[in-house]
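Take a look at the structure set out below.
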Amino acid sequence: MPKENASNLLTHFRYRLSEERHRRGWSQQYVANQVNSTPLNVSRWEHGLTTPSPYFRHKLCALFGMGPVELGLKPGPISISEQEESEEAREPIYDPAIPLLPSTLSFIGRAEEVARLKVHLTTGWPAVVSAINGLPGIGKTALALAVVYDEEMRGLMTDGILWAALGPSPDTQSVLSRWGSLLGVTIEETARLTMTEEWVAALRAKIGQRKMLIVLDDAWRFDAVLACKVGGPNCAYLLTTRFPQIALRFAATGTISLKELDEEKSLQLLKQFALEAVTRYPKQVHTLAQAIGGLPLALVLIGNYLRLQSHDRQPRRILAAIDRVQCAQERLRLTVLRSPLEPSSGNPEDRISLQAVIEISAQHLGERARNALYALSVLPAKPGSFTEAAALAVCQEPAEVLDELSDAGLLASVKPGYYTLHQVISDYARLHLSTSIPVERLISYGVQYAGLHSTEYDKLERESATILAALEAAYAHRQDADLVRGALACAPFLQARGLFRLATHHLKHAYEVANTPQDKLNITPYLLCWTELPYSHAR
């Protein structure tokens with residue numbers, strides 16, 4: 001009989017295994033435990049994706065108390081050669097360390113990235129490598145899991161998937177030892193393997209020509225990445241990391257820099273968790289989505305919180321919950337319980353929060369870089385940006401400190417000479433800012449720059465976001481003289497750009513602080529500038 005007909009009949013017969021399992025009320029996990037296999041392998045047997053080896057056929061027959069034909073494991077009329085049976089019977093290895101798909105995980109907005117990774121990982125053999133890098137909480141591990149659990153991907157990675165959770169303090173010896181056990185390294189062989197190089201050689205020999213996917217999750221150190229690079233010529237690698245340089249060193253041409261979700265997808269994700277809140281109060285939720293800048297972890301945490309507070313559908317309670325998470329400090333402290341088998345995002349605790357996820361990166365910075373990060377929080381956050389000159393003026397550190405923040409994945413380069421901080425990173429940094437000195441530096445830099453270049457509109461354009469932030473800071477911190485000077489210096493520029501309301505806003509603030517009996521500031525230039533504004537915009 002042709003092999004394809006045999007395969008079809010095998011698939012038909014194998015549904016009996018599933019039927020017998022359901023008839024007894026057993027789960028795939030239970031069957032897997034009884035025969036010393038995995039639920040994934042049981043699922044593949046039941047769907048005809050693989051054939052149990054003679055060892056597992058014997059175990060299954062003993063468990064069910066039935067013959068192989070009755071279970072659909074070896075129908076009598078079909079004759080398959082020993083070589084074909086051997087090829088069919090080789091069990092794929094699915095690392096038990098692969099995290100479960102968490103209940104809070106969502107792949108909204110990531111379909112394109114999943115498709116790109118699948119194409120890259122399954123073409124261009126041998127030894128394909130891909131890497132995902134991005135902010136803490138951007139969804140790197142979630143994207144890797146989407147690939148790992150994709151049925152088409154599993155069908156292509158015919159020999160299974162290995163997983164290494166690396167993190168800030170990787171235990172590569174434990175990872176290699178577990179892989180050795182899965183791949184059949186004997187106890188005698190293990191006793192002789194004392195060096196990492198010996199483990200790598202032994203595992204590579206065991207893998208041989210197997211076609212496997214090896215996932216290296218949350219890489220912080222490149223030496224740990226190299227220690228886990230044990231695959232043969234038919235293996236593919238997928239690495240996730242917060243650090244752009246590690247991603248580029250590992251996969252120069254196969255790197256995805258994961259971006260935040262846009263507003264539409266952010267609202268879709270929030271709606272998936274908190275339909276009641278999004279439907280009833282779309283404006284408030286939209287403002288909230290903008291404040292967290294499309295960071296998936298933030299959206300999941302907030303969506304989960306709003307869902308819990310909306311269960312009784314009381315408007316008062318939902319509005320109170322929305323008001324609470326409008327506060328950056330409250331957003332950072334929101335937590336969700338994590339199963340021990342779910343991805344940890346580098347955090348060993350059983351609860352995940354934005355605060356904790358960002359804290360891990362911040363604590364691995366040098367003290368000067370960490371303090372510089374806190375200082376940069378006074379500058380405009382994303383979608384705004386600031387120049388390198390403004391950043392250096394505010395943090396009073398050499399440019400190499402900005403490089404350290406960029407290499408840590410916390411400071412993003414927008415274009416040559418320009419940077420930005422994500423809204424959530426900025427919120428975190430601002431809460432850790434314990435001095436007003438960076439604010440004073442911001443005011444001084446913005447006001448002086450506006451005064452020096454008051455007629456050079458192209459230069460004012462480049463620093464406009466920082467200048468406006470300086471004016472707001474001057475008003476909030478009662479730096480009255482600086483506020484008046486800055487407002488007068490940039491008002492003509494704002495008017496020339498048609499930003500009449502913005503010019504009026506800052507001039508009103510200047511008038512408010514200057515026009516008091518105690519203040520001796522000369523407000524005549526301000527009043528002249530005020531009268532030049534169009535009447536409809538000045539009111």
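Residue numbers start at 1 in each chain; chains themselves are named A, B, ... in the order of the structure tokens; ligands are numbered from 1 in the order shown.
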Margin query: Set the distance at 9 Å and use only C-alpha atoms: which residues neighbour region 176-191 of chain A once local chain neighbours fewer than 6 positions away are removed? I'd like the list as a list in words.
Written below: Ile93, Tyr94, Asp95, Leu162, Trp163, Ala164, Trp199, Val200, Ala202, Leu203, Lys206, Ile207, Ala227, Cys228 and Val230 of chain A
Check: Can you list, as number ranges by chain, every residue of region 29-205 of chain A that DSSP puts in strand (DSSP E or B)?
Finding: A: 93-94, 128-133, 160-167
Next item on the list: Just give me the gap between CA of Phe64 (chain A) and CA of Gly48 (chain A) in Å, one decimal is fine.
Entry: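 Atom-to-atom, CA of Phe64 (chain A) to CA of Gly48 (chain A), that is 18.4 Å.
Across the structure, CA of Leu468 (chain A) and CA of Ala481 (chain A) are spaced 15.4 Å apart.
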Margin query: Excluding Leu421 (chain A) and its own-chain neighbours fewer than 5 positions away, which residues fall within 10 Å of it when counting only C-alpha atoms? Please give them as a ChimeraX atom specification.
Written below: /A:373,376-377,379-386,410-414,426-427,429
Preceding selection exported with C-alpha atoms as a PDB file, in the first residue's frame:
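Output (part_25.pdb):
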```
ATOM      1  CA  LEU A 373      17.990  57.744  34.031  1.00  0.00           C
ATOM      2  CA  LEU A 376      16.125  62.256  32.243  1.00  0.00           C
ATOM      3  CA  SER A 377      12.563  61.734  33.465  1.00  0.00           C
ATOM      4  CA  LEU A 379      12.478  65.694  29.839  1.00  0.00           C
ATOM      5  CA  PRO A 380       9.534  65.013  27.477  1.00  0.00           C
ATOM      6  CA  ALA A 381       8.585  61.329  27.365  1.00  0.00           C
ATOM      7  CA  LYS A 382       7.547  59.473  24.228  1.00  0.00           C
ATOM      8  CA  PRO A 383       6.031  60.440  21.792  1.00  0.00           C
ATOM      9  CA  GLY A 384       8.146  63.522  22.547  1.00  0.00           C
ATOM     10  CA  SER A 385      11.910  63.493  22.173  1.00  0.00           C
ATOM     11  CA  PHE A 386      14.915  65.514  23.300  1.00  0.00           C
ATOM     12  CA  LEU A 410      16.037  51.810  28.504  1.00  0.00           C
ATOM     13  CA  LEU A 411      16.857  54.872  26.381  1.00  0.00           C
ATOM     14  CA  ALA A 412      15.810  54.803  22.726  1.00  0.00           C
ATOM     15  CA  SER A 413      17.579  56.575  19.897  1.00  0.00           C
ATOM     16  CA  VAL A 414      15.105  58.366  17.614  1.00  0.00           C
ATOM     17  CA  SER A 426       9.822  57.781  32.424  1.00  0.00           C
ATOM     18  CA  ASP A 427       7.104  57.231  35.050  1.00  0.00           C
ATOM     19  CA  ALA A 429      12.354  57.041  36.750  1.00  0.00           C
TER      20      ALA A 429
END
```
Notebook entry, point to check: So what do you get for CA of Asn133 (chain A) versus CA of Phe243 (chain A), distance-wise?
Noted result: 6.3 Å
Next item on the list: Within 12 Å of Asp482 (chain A), counting only C-alpha atoms, which residues show up once you throw out same-chain ones fewer than 6 positions away? Write them as a PyMOL selection string, please.
Entry: chain A and resi 440-451+467+470-476+488-489+506+509-510+513-514+521
Selected residues written out, N, CA and C atoms, as a CSV table (one decimal), in the first residue's frame:
```
chain,number,residue,atom,x,y,z
A,440,GLU,N,15.8,72.0,38.0
A,440,GLU,CA,16.4,73.3,37.9
A,440,GLU,C,17.3,73.4,36.7
A,441,ARG,N,18.0,72.3,36.4
A,441,ARG,CA,18.9,72.2,35.2
A,441,ARG,C,18.0,72.3,33.9
A,442,LEU,N,16.9,71.6,33.9
A,442,LEU,CA,16.0,71.7,32.8
A,442,LEU,C,15.5,73.1,32.5
A,443,ILE,N,15.1,73.8,33.6
A,443,ILE,CA,14.6,75.2,33.5
A,443,ILE,C,15.7,76.1,33.0
A,444,SER,N,16.9,76.0,33.5
A,444,SER,CA,18.0,76.8,33.1
A,444,SER,C,18.4,76.6,31.7
A,445,TYR,N,18.4,75.3,31.3
A,445,TYR,CA,18.8,75.0,29.9
A,445,TYR,C,17.8,75.5,28.9
A,446,GLY,N,16.5,75.2,29.2
A,446,GLY,CA,15.4,75.6,28.2
A,446,GLY,C,15.3,77.1,28.1
A,447,VAL,N,15.3,77.8,29.2
A,447,VAL,CA,15.2,79.3,29.2
A,447,VAL,C,16.4,80.0,28.5
A,448,GLN,N,17.6,79.5,28.9
A,448,GLN,CA,18.8,80.1,28.3
A,448,GLN,C,18.8,79.8,26.8
A,449,TYR,N,18.4,78.6,26.4
A,449,TYR,CA,18.4,78.3,24.9
A,449,TYR,C,17.4,79.2,24.2
A,450,ALA,N,16.2,79.3,24.8
A,450,ALA,CA,15.2,80.1,24.1
A,450,ALA,C,15.7,81.6,24.0
A,451,GLY,N,16.3,82.1,25.0
A,451,GLY,CA,16.8,83.5,25.0
A,451,GLY,C,17.9,83.7,23.9
A,467,ILE,N,12.0,73.1,25.6
A,467,ILE,CA,11.7,74.5,26.1
A,467,ILE,C,10.4,74.6,26.7
A,470,ALA,N,10.4,73.0,30.0
A,470,ALA,CA,11.1,73.9,31.0
A,470,ALA,C,10.1,75.0,31.5
A,471,LEU,N,9.3,75.6,30.6
A,471,LEU,CA,8.3,76.6,31.0
A,471,LEU,C,7.3,76.0,32.0
A,472,GLU,N,6.8,74.8,31.7
A,472,GLU,CA,5.9,74.2,32.6
A,472,GLU,C,6.5,73.9,34.0
A,473,ALA,N,7.8,73.5,34.0
A,473,ALA,CA,8.5,73.2,35.2
A,473,ALA,C,8.7,74.5,36.0
A,474,ALA,N,9.0,75.6,35.3
A,474,ALA,CA,9.3,76.9,35.9
A,474,ALA,C,8.0,77.4,36.6
A,475,TYR,N,6.9,77.2,36.0
A,475,TYR,CA,5.6,77.6,36.5
A,475,TYR,C,5.3,76.8,37.8
A,476,ALA,N,5.5,75.4,37.7
A,476,ALA,CA,5.1,74.5,38.8
A,476,ALA,C,6.1,74.7,40.0
A,488,LEU,N,8.4,85.0,27.1
A,488,LEU,CA,8.6,86.1,26.2
A,488,LEU,C,9.5,85.8,25.0
A,489,ALA,N,10.5,85.0,25.3
A,489,ALA,CA,11.5,84.6,24.2
A,489,ALA,C,10.9,83.7,23.2
A,506,HIS,N,1.3,79.9,27.9
A,506,HIS,CA,2.5,80.2,28.7
A,506,HIS,C,2.5,81.7,29.0
A,509,HIS,N,0.5,82.2,32.1
A,509,HIS,CA,1.2,81.8,33.3
A,509,HIS,C,2.2,82.9,33.7
A,510,ALA,N,2.9,83.5,32.7
A,510,ALA,CA,3.9,84.5,33.0
A,510,ALA,C,3.2,85.8,33.6
A,513,VAL,N,2.3,85.2,37.3
A,513,VAL,CA,3.4,85.3,38.3
A,513,VAL,C,4.0,86.7,38.4
A,514,ALA,N,3.9,87.5,37.3
A,514,ALA,CA,4.6,88.8,37.2
A,514,ALA,C,3.7,89.9,37.8
A,521,LEU,N,9.1,92.3,38.8
A,521,LEU,CA,9.5,92.0,37.4
A,521,LEU,C,8.9,93.0,36.5
```
Next item on the list: Identify all residues of region 180-380 of chain A in alpha helix (DSSP H) (DSSP on the backbone) and supply them as an NGL selection string.
Entry: :A and (180-183 or 187-192 or 196-207 or 222-227 or 244-250 or 263-273 or 275-280 or 282-291 or 296-309 or 315-325 or 328-333 or 354-363 or 367-376)
Next item on the list: Identify, on the basis of only C-alpha atoms, every residue whose closest approach to Leu156 (chain A) does not exceed 9 Å; exclude the query and any residue fewer than 3 positions from it along the same chain; express the result as an NGL selection string.
Entry: :A and (122 or 151-153 or 159 or 211-212)
The selected residues should be written to file as a PDB file, in the first residue's frame (atoms: N, CA and C atoms).
```pdb
ATOM      1  N   THR A 122      12.335  28.932   9.462  1.00  0.00           N
ATOM      2  CA  THR A 122      12.133  27.702   8.683  1.00  0.00           C
ATOM      3  C   THR A 122      12.682  27.808   7.268  1.00  0.00           C
ATOM      4  N   GLU A 151       1.133  25.428  15.808  1.00  0.00           N
ATOM      5  CA  GLU A 151       1.071  24.052  15.303  1.00  0.00           C
ATOM      6  C   GLU A 151       1.886  23.867  14.032  1.00  0.00           C
ATOM      7  N   GLU A 152       1.823  24.857  13.152  1.00  0.00           N
ATOM      8  CA  GLU A 152       2.606  24.742  11.910  1.00  0.00           C
ATOM      9  C   GLU A 152       4.094  24.701  12.223  1.00  0.00           C
ATOM     10  N   MET A 153       4.515  25.532  13.182  1.00  0.00           N
ATOM     11  CA  MET A 153       5.930  25.561  13.554  1.00  0.00           C
ATOM     12  C   MET A 153       6.351  24.216  14.136  1.00  0.00           C
ATOM     13  N   ASP A 159      11.688  17.406  15.377  1.00  0.00           N
ATOM     14  CA  ASP A 159      12.348  16.709  16.483  1.00  0.00           C
ATOM     15  C   ASP A 159      12.191  17.413  17.824  1.00  0.00           C
ATOM     16  N   LYS A 211      16.158  18.037  13.682  1.00  0.00           N
ATOM     17  CA  LYS A 211      15.615  19.355  13.316  1.00  0.00           C
ATOM     18  C   LYS A 211      14.835  19.885  14.518  1.00  0.00           C
ATOM     19  N   MET A 212      15.494  20.765  15.284  1.00  0.00           N
ATOM     20  CA  MET A 212      14.913  21.255  16.529  1.00  0.00           C
ATOM     21  C   MET A 212      14.966  22.779  16.576  1.00  0.00           C
TER      22      MET A 212
END
```
Checklist line | Close residues, region 257-262 of chain A itself excluded, 8 Å, only C-alpha atoms, min 3 positions apart in chain, as JSON, numbers by chain | finding: {"A": [109, 132, 133, 134, 135, 138, 139, 140, 244, 265, 266, 293, 294, 295, 296]}
Generate a file of the selected residues that holds C-alpha atoms, formatted as a JSON list (two decimals), in the first residue's frame.
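Listing of selection.json after writing:
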```json
[["chain", "number", "residue", "atom", "x", "y", "z"],
["A", 109, "GLY", "CA", -1.14, 43.07, 17.34],
["A", 132, "ILE", "CA", 13.79, 39.54, 19.54],
["A", 133, "ASN", "CA", 14.77, 42.60, 21.55],
["A", 134, "GLY", "CA", 12.75, 45.37, 23.16],
["A", 135, "LEU", "CA", 11.69, 47.15, 26.33],
["A", 138, "ILE", "CA", 7.07, 44.69, 25.53],
["A", 139, "GLY", "CA", 6.13, 41.02, 25.04],
["A", 140, "LYS", "CA", 9.34, 39.32, 23.89],
["A", 244, "PRO", "CA", 19.99, 45.44, 21.48],
["A", 265, "LYS", "CA", -4.50, 47.60, 19.13],
["A", 266, "SER", "CA", -3.98, 48.92, 22.66],
["A", 293, "GLY", "CA", 2.24, 54.06, 25.38],
["A", 294, "GLY", "CA", 1.12, 50.69, 24.03],
["A", 295, "LEU", "CA", 3.28, 48.59, 26.40],
["A", 296, "PRO", "CA", 1.59, 45.15, 26.42]]
```
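You can rank A:Arg497, A:Arg462, A:Arg23, A:Lys59 by their closest distance to Ala390 (chain A) using only C-alpha atoms, and at the top of that list sits A:Arg462.
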Checklist line | Polymer residues at most 9 Å from Pro136 (chain A), only C-alpha atoms, same-chain spacing of 4 or more positions, as a list in words | finding: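 My list of contacting residues is Lys140, Arg242, Leu295, Leu297, Ser345, Leu354, Val357, Ile358, Ser361, Gly409 and Leu410 of chain A.
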Atoms to include: C-alpha atoms. Write the selected residues as a tab-separated table (two decimals), in the first residue's frame.
```tsv
chain	number	residue	atom	x	y	z
A	140	LYS	CA	9.34	39.32	23.89
A	242	ARG	CA	16.29	43.43	26.52
A	295	LEU	CA	3.28	48.59	26.40
A	297	LEU	CA	2.43	44.25	30.02
A	345	SER	CA	10.36	38.24	32.77
A	354	LEU	CA	5.69	47.04	35.97
A	357	VAL	CA	10.10	44.32	35.68
A	358	ILE	CA	11.77	47.71	35.14
A	361	SER	CA	17.08	46.51	34.47
A	409	GLY	CA	17.44	49.05	26.28
A	410	LEU	CA	16.04	51.81	28.50
```
Check: Using only C-alpha atoms, which of the listed residues (A:Ala291, A:Val300, A:Arg324, A:Leu306) sits closest to Val336 (chain A)?
Finding: A:Val300
Check: Looking at only C-alpha atoms, which of A:Leu193, A:Leu460, A:Leu337, A:Ala298 is the one that sits closest to Cys490 (chain A)?
Finding: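 Nearest to Cys490 (chain A): A:Leu460.
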Next item on the list: Would you please work out which residue, of A:Val285, A:Val42, A:Ala205, A:Leu143, is nearest to Phe56 (chain A) when using only C-alpha atoms?
Entry: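 The shortest atom-to-atom distance to Phe56 (chain A) comes from A:Val42.
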